[in-house]
Each structure stands twice: as structure tokens, then as C-alpha cells.
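Student: Handing over target-v6.txt, compact mmCIF, C-alpha atoms.
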```txt
# COMPACT_ATOMS: atom_id res chain seq x y z
CA PRO O 1 -36.01 -81.81 -31.86
CA ALA O 2 -34.62 -80.28 -35.06
CA LEU O 3 -37.25 -77.53 -35.05
CA GLN O 4 -36.76 -76.94 -31.31
CA PHE O 5 -33.03 -76.63 -31.88
CA GLU O 6 -33.44 -74.13 -34.73
CA ALA O 7 -35.95 -72.03 -32.78
CA ALA O 8 -33.74 -72.08 -29.68
CA TRP O 9 -30.72 -71.16 -31.80
CA ALA O 10 -32.53 -68.18 -33.32
CA LEU O 11 -33.73 -66.95 -29.92
CA THR O 12 -30.25 -67.43 -28.46
CA ASN O 13 -28.85 -65.16 -31.15
CA ILE O 14 -31.53 -62.55 -30.54
CA ALA O 15 -30.90 -62.67 -26.78
CA SER O 16 -27.19 -62.09 -27.40
CA GLY O 17 -27.94 -58.72 -28.96
CA THR O 18 -28.94 -55.57 -27.17
CA SER O 19 -30.77 -55.42 -23.86
CA ASP O 20 -33.89 -54.50 -25.82
CA ASN O 21 -33.48 -57.70 -27.86
CA THR O 22 -33.14 -59.73 -24.67
CA LYS O 23 -36.21 -58.03 -23.23
CA VAL O 24 -38.29 -59.10 -26.25
CA VAL O 25 -37.21 -62.73 -25.84
CA ILE O 26 -38.17 -62.58 -22.15
CA GLU O 27 -41.50 -60.83 -22.81
CA GLN O 28 -42.44 -63.52 -25.29
CA GLY O 29 -42.16 -66.13 -22.53
CA ALA O 30 -38.99 -67.88 -23.67
CA VAL O 31 -37.30 -68.27 -20.27
CA PRO O 32 -39.60 -70.97 -18.82
CA ILE O 33 -39.51 -72.76 -22.16
CA PHE O 34 -35.71 -72.74 -22.16
CA VAL O 35 -35.75 -74.10 -18.61
CA LYS O 36 -38.07 -76.87 -19.75
CA LEU O 37 -35.79 -77.60 -22.72
CA LEU O 38 -32.96 -78.32 -20.26
CA SER O 39 -34.75 -81.66 -19.80
CA SER O 40 -34.97 -82.43 -23.52
CA PRO O 41 -33.72 -85.88 -24.55
CA ASN O 42 -31.81 -84.16 -27.39
CA ASP O 43 -28.28 -83.03 -26.51
CA ASP O 44 -28.22 -80.21 -29.06
CA VAL O 45 -31.52 -78.77 -27.83
CA ARG O 46 -30.31 -78.87 -24.23
CA GLU O 47 -27.03 -77.19 -25.14
CA GLN O 48 -28.82 -74.44 -27.05
CA ALA O 49 -31.17 -73.86 -24.10
CA VAL O 50 -28.16 -73.56 -21.78
CA HIS O 51 -26.58 -71.03 -24.12
CA ALA O 52 -29.80 -69.02 -24.33
CA LEU O 53 -30.17 -68.91 -20.55
CA GLY O 54 -26.54 -67.83 -20.28
CA ASN O 55 -27.13 -64.96 -22.70
CA ILE O 56 -30.30 -63.86 -20.94
CA SER O 57 -28.85 -64.09 -17.43
CA GLY O 58 -25.74 -62.21 -18.53
CA ASP O 59 -27.74 -59.24 -19.77
CA SER O 60 -28.53 -57.67 -16.39
CA PRO O 61 -29.16 -58.51 -12.74
CA ALA O 62 -32.92 -58.31 -13.36
CA CYS O 63 -32.68 -60.78 -16.23
CA ARG O 64 -30.44 -63.06 -14.19
CA ASP O 65 -32.87 -63.00 -11.29
CA LEU O 66 -35.76 -63.82 -13.62
CA VAL O 67 -33.86 -66.85 -14.93
CA LEU O 68 -33.04 -67.95 -11.38
CA GLU O 69 -36.68 -67.51 -10.30
CA SER O 70 -37.69 -69.70 -13.23
CA GLY O 71 -35.92 -72.64 -11.62
CA ALA O 72 -32.97 -72.90 -13.99
CA VAL O 73 -30.22 -73.72 -11.46
CA GLU O 74 -30.97 -77.39 -10.75
CA PRO O 75 -31.54 -78.44 -14.38
CA LEU O 76 -28.39 -76.54 -15.38
CA LEU O 77 -26.40 -78.38 -12.71
CA ARG O 78 -27.72 -81.69 -14.10
CA GLN O 79 -26.09 -80.78 -17.42
CA LEU O 80 -22.75 -80.43 -15.64
CA GLN O 81 -23.17 -83.59 -13.60
CA THR O 82 -23.97 -85.84 -16.56
CA LYS O 83 -20.58 -85.49 -18.26
CA GLY O 84 -21.89 -84.32 -21.61
CA SER O 85 -19.93 -82.92 -24.50
CA HIS O 86 -16.95 -80.66 -24.05
CA SER O 87 -18.88 -77.71 -25.51
CA MET O 88 -21.81 -78.35 -23.14
CA THR O 89 -19.45 -78.31 -20.17
CA ARG O 90 -17.93 -75.01 -21.30
CA ILE O 91 -21.26 -73.32 -22.06
CA ALA O 92 -22.93 -74.61 -18.90
CA THR O 93 -20.02 -73.44 -16.73
CA TRP O 94 -20.15 -70.00 -18.37
CA THR O 95 -23.91 -69.89 -17.80
CA LEU O 96 -23.47 -70.88 -14.16
CA SER O 97 -20.95 -68.05 -13.80
CA ASN O 98 -23.56 -65.67 -15.21
CA PHE O 99 -26.06 -66.98 -12.65
CA CYS O 100 -23.65 -65.94 -9.88
CA GLY O 101 -22.42 -62.62 -11.27
CA GLU O 102 -23.44 -59.01 -11.77
CA MET O 103 -24.03 -56.49 -9.03
CA PRO O 104 -26.12 -56.66 -7.05
CA ARG O 105 -25.33 -60.31 -6.50
CA PRO O 106 -28.15 -62.86 -6.60
CA SER O 107 -29.64 -64.22 -3.43
CA PHE O 108 -27.08 -66.72 -2.17
CA ASP O 109 -29.91 -69.11 -1.34
CA ARG O 110 -30.72 -69.36 -5.06
CA VAL O 111 -27.20 -70.39 -6.10
CA LYS O 112 -25.59 -72.12 -3.10
CA ILE O 113 -26.72 -75.49 -4.43
CA ALA O 114 -24.04 -75.01 -7.12
CA LEU O 115 -21.11 -75.08 -4.69
CA PRO O 116 -20.38 -78.83 -4.93
CA THR O 117 -20.43 -78.61 -8.71
CA LEU O 118 -18.17 -75.55 -8.70
CA ALA O 119 -15.79 -77.43 -6.40
CA GLU O 120 -15.51 -80.11 -9.09
CA LEU O 121 -15.26 -77.67 -11.98
CA ILE O 122 -12.25 -75.82 -10.57
CA CYS O 123 -10.42 -79.14 -10.92
CA HIS O 124 -11.39 -79.61 -14.57
CA ASP O 125 -8.64 -80.03 -17.16
CA ASP O 126 -10.07 -77.34 -19.46
CA GLU O 127 -8.77 -73.83 -18.75
CA GLU O 128 -11.97 -72.09 -19.87
CA VAL O 129 -14.04 -74.23 -17.50
CA VAL O 130 -11.63 -73.49 -14.63
CA VAL O 131 -11.68 -69.75 -15.38
CA ASP O 132 -15.48 -69.55 -15.46
CA SER O 133 -15.90 -71.66 -12.34
CA CYS O 134 -13.37 -69.46 -10.50
CA LYS O 135 -15.26 -66.39 -11.67
CA ALA O 136 -18.48 -67.83 -10.27
CA LEU O 137 -16.80 -68.46 -6.93
CA SER O 138 -15.26 -64.99 -6.92
CA TYR O 139 -18.70 -63.44 -7.45
CA LEU O 140 -20.10 -65.45 -4.56
CA THR O 141 -17.26 -64.50 -2.19
CA ASP O 142 -18.12 -60.86 -2.86
CA GLY O 143 -21.18 -61.32 -0.70
CA PRO O 144 -22.30 -61.91 2.86
CA ASN O 145 -20.18 -63.76 5.40
CA ASP O 146 -22.46 -66.83 5.30
CA ALA O 147 -21.70 -67.15 1.57
CA ILE O 148 -17.97 -66.95 2.23
CA GLN O 149 -18.27 -69.54 5.00
CA ALA O 150 -20.22 -71.88 2.71
CA ILE O 151 -17.53 -71.56 0.05
CA ILE O 152 -14.84 -72.38 2.62
CA GLU O 153 -16.88 -75.40 3.72
CA ALA O 154 -17.16 -76.51 0.06
CA ASP O 155 -13.46 -77.36 0.40
CA VAL O 156 -12.24 -75.23 -2.51
CA CYS O 157 -9.56 -73.19 -0.81
CA GLY O 158 -6.70 -75.62 -1.37
CA ARG O 159 -7.42 -75.86 -5.08
CA LEU O 160 -7.81 -72.09 -5.39
CA VAL O 161 -4.38 -71.60 -3.80
CA GLU O 162 -2.94 -74.11 -6.29
CA LEU O 163 -4.50 -72.14 -9.14
CA LEU O 164 -2.61 -69.03 -8.02
CA THR O 165 0.50 -70.71 -9.41
CA ASN O 166 -1.11 -71.63 -12.72
CA SER O 167 0.85 -70.40 -15.73
CA SER O 168 -2.18 -68.60 -17.16
CA PRO O 169 -3.07 -65.14 -15.84
CA ASP O 170 -6.63 -65.89 -17.00
CA VAL O 171 -6.78 -68.59 -14.31
CA GLN O 172 -4.76 -66.72 -11.69
CA ALA O 173 -6.91 -63.56 -11.70
CA PRO O 174 -10.31 -65.06 -10.77
CA ALA O 175 -8.63 -67.47 -8.32
CA LEU O 176 -6.97 -64.50 -6.64
CA ARG O 177 -10.25 -62.54 -6.57
CA THR O 178 -11.86 -65.50 -4.86
CA VAL O 179 -9.27 -65.90 -2.10
CA GLY O 180 -8.38 -62.23 -1.85
```
Give the structure from the file, written as C-alpha cells.

Tutor:
Amino acid sequence: PALQFEAAWALTNIASGTSDNTKVVIEQGAVPIFVKLLSSPNDDVREQAVHALGNISGDSPACRDLVLESGAVEPLLRQLQTKGSHSMTRIATWTLSNFCGEMPRPSFDRVKIALPTLAELICHDDEEVVVDSCKALSYLTDGPNDAIQAIIEADVCGRLVELLTNSSPDVQAPALRTVG
């Protein structure tokens, strides 16, 4: 696990560079390996894999779609459902937001499985987690009517309205984008 962590850390840093850097990481076949590492028994390895996938998916819609096609959504959601470390929750929520963002939006069918998790995350006590989960929802509401209906049915509207009165503009803005 120590070597896996160090290798994943190095590739995460490379993928956070330019789009050309990210392209090299992808071309060398790292994405399916990172997805596999989401099932590692080692917490640090899993967290580094989450961070790497967040960097890659945040590079461009094409990179995001490649990560989604590699089957990253369900193992990422498992990281959020197993109440790991505070940093894992933050990084995984940010990564999930990247999975939902960028124009053109991803296929809603690829990310709709995340709605119950996002409904929980907007109630989290950490502002950064709330902000990123609201951003993810706002990206999804900027899509087809069936996506908007699914978000309404996920029972998030009441909480989003509450967040409009939050003292932080960082929370208010993505909540407003989601309901607006």
C-alpha cells in the first residue's frame, strides 16, 4: 500500500497540472487503475485515488466522461457512504461535483445514482462539503427536465431553501443556482 500511495500521489500531482499532463496520465492507463484503487483496503490509497479521479474529471468534459465510463461513480459513492475521514468526505464530495459539472453536462443516467448521497451531503455540518454538493446539484439542474424532476423527487428542495439563508455566500450561491 505504501508504494501504491506514493505512485497515486505522484500521478495525482501530474494530473493536476496542464491538460497535456492530464492527457499523459490518461494515455498511460491510470484511470481504470484509480477506479480499482477505490476498493483498496488502505484508506490513504483510496483517498489518493479519489483525488486523482477528481483532478482528471475536472480537466475537461471529455476527461470527465472517460472517468464516468470507467465505472467510477459507484465506488466513489461507497467512499461517501462509509463515513471515512473528514478529508475523504471533502475530497470525495469535490470529486462527485466534478463528475456532475462542465458543459456539456454528463449523461444524467451516469450520475443520477448519486442523488440520494447528494441529498445527505447537503445536510452535512462541513461548509465545504455542503458547497460542493450544492454545486453538483446545480450542475444537474442545468439539464433536461427529467433530471430536474429526479432532483425534486430526491427531496432536496426544502434543504436548499434553508441554505439560501445560510450566513455564507459560498453556500448561498450554489443553493440559489440549484433552485433558481

Student: Of the residues O:Ile56, O:Val111, O:Leu163, O:Leu96, which is the one nearest to Asp132 (chain O), using only C-alpha atoms?

Tutor: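 Checking each candidate against Asp132 (chain O), we get O:Leu96 as the closest.
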
Student: Which of these, O:Val45, O:Leu37, O:Met88, O:Val31, has the shortest distance to Arg64 (chain O) once you count all atoms listed in the file?

Tutor: O:Val31

Student: I'd like the contact shell of Gly84 (chain O) - 12 Å cut-off, all atoms listed in the file, skipping same-chain residues fewer than 6 positions apart - returned as a list in words.

Tutor: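 Listed by chain and then number, they are Asn42, Asp43, Asp44, Arg46, Glu47, Leu76, Leu77, Arg78, Arg90, Ile91 and Ala92 of chain O.
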
Student: Identify which of the residues O:Asp155, O:Glu74, O:Asp109, O:Glu127 lies closest to Lys36 (chain O), counting all atoms listed in the file when measuring atom-to-atom distances.

Tutor: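 Of the candidates, the smallest distance to Lys36 (chain O) is held by O:Glu74.
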
Student: Measuring atom to atom with all atoms listed in the file, identify which of O:Asn166, O:Ser107, O:Asn13, O:Ala119 is nearest to Asp146 (chain O).

Tutor: O:Ser107

Student: Leaving out Cys157 (chain O) and any residue of its chain fewer than 4 positions from it, which residues lie within 8 Å of it when counting all atoms listed in the file, given as a list in words?

Tutor: Ile152, Val161 and Val179 of chain O

Student: Please produce a file of those selected residues containing C-alpha atoms, as a PDB file, keeping the file's coordinate frame.

Tutor:
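Below you can see again-v7.pdb, which holds the result:
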```pdb
ATOM      1  CA  ILE O 152     -14.840 -72.380   2.620  1.00  0.00           C
ATOM      2  CA  VAL O 161      -4.380 -71.600  -3.800  1.00  0.00           C
ATOM      3  CA  VAL O 179      -9.270 -65.900  -2.100  1.00  0.00           C
TER       4      VAL O 179
END
```

Student: Counting only C-alpha atoms, which residues have an atom no more than 12 Å from (-26.7, -79.4, -8.1) in the file's coordinates? Please list them as a PyMOL selection string.

Tutor: chain O and resi 71-82+96+110-120

Student: So that I can see what lies close to Trp9 (chain O), please list as a short mmCIF file (atom, residue, chain, number, x, y, z; two decimals) with C-alpha atoms, in the frame of the given file the residues with an atom at most 9 Å from it, counting only C-alpha atoms and leaving out residues fewer than 3 positions away in the same chain.

Tutor:
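The result, stored in selection.cif:
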```cif
data_model
loop_
_atom_site.label_atom_id
_atom_site.label_comp_id
_atom_site.auth_asym_id
_atom_site.auth_seq_id
_atom_site.Cartn_x
_atom_site.Cartn_y
_atom_site.Cartn_z
CA GLN O 4 -36.76 -76.94 -31.31
CA PHE O 5 -33.03 -76.63 -31.88
CA GLU O 6 -33.44 -74.13 -34.73
CA THR O 12 -30.25 -67.43 -28.46
CA ASN O 13 -28.85 -65.16 -31.15
CA ILE O 14 -31.53 -62.55 -30.54
CA VAL O 45 -31.52 -78.77 -27.83
CA GLN O 48 -28.82 -74.44 -27.05
CA ALA O 49 -31.17 -73.86 -24.10
CA HIS O 51 -26.58 -71.03 -24.12
CA ALA O 52 -29.80 -69.02 -24.33
#
```
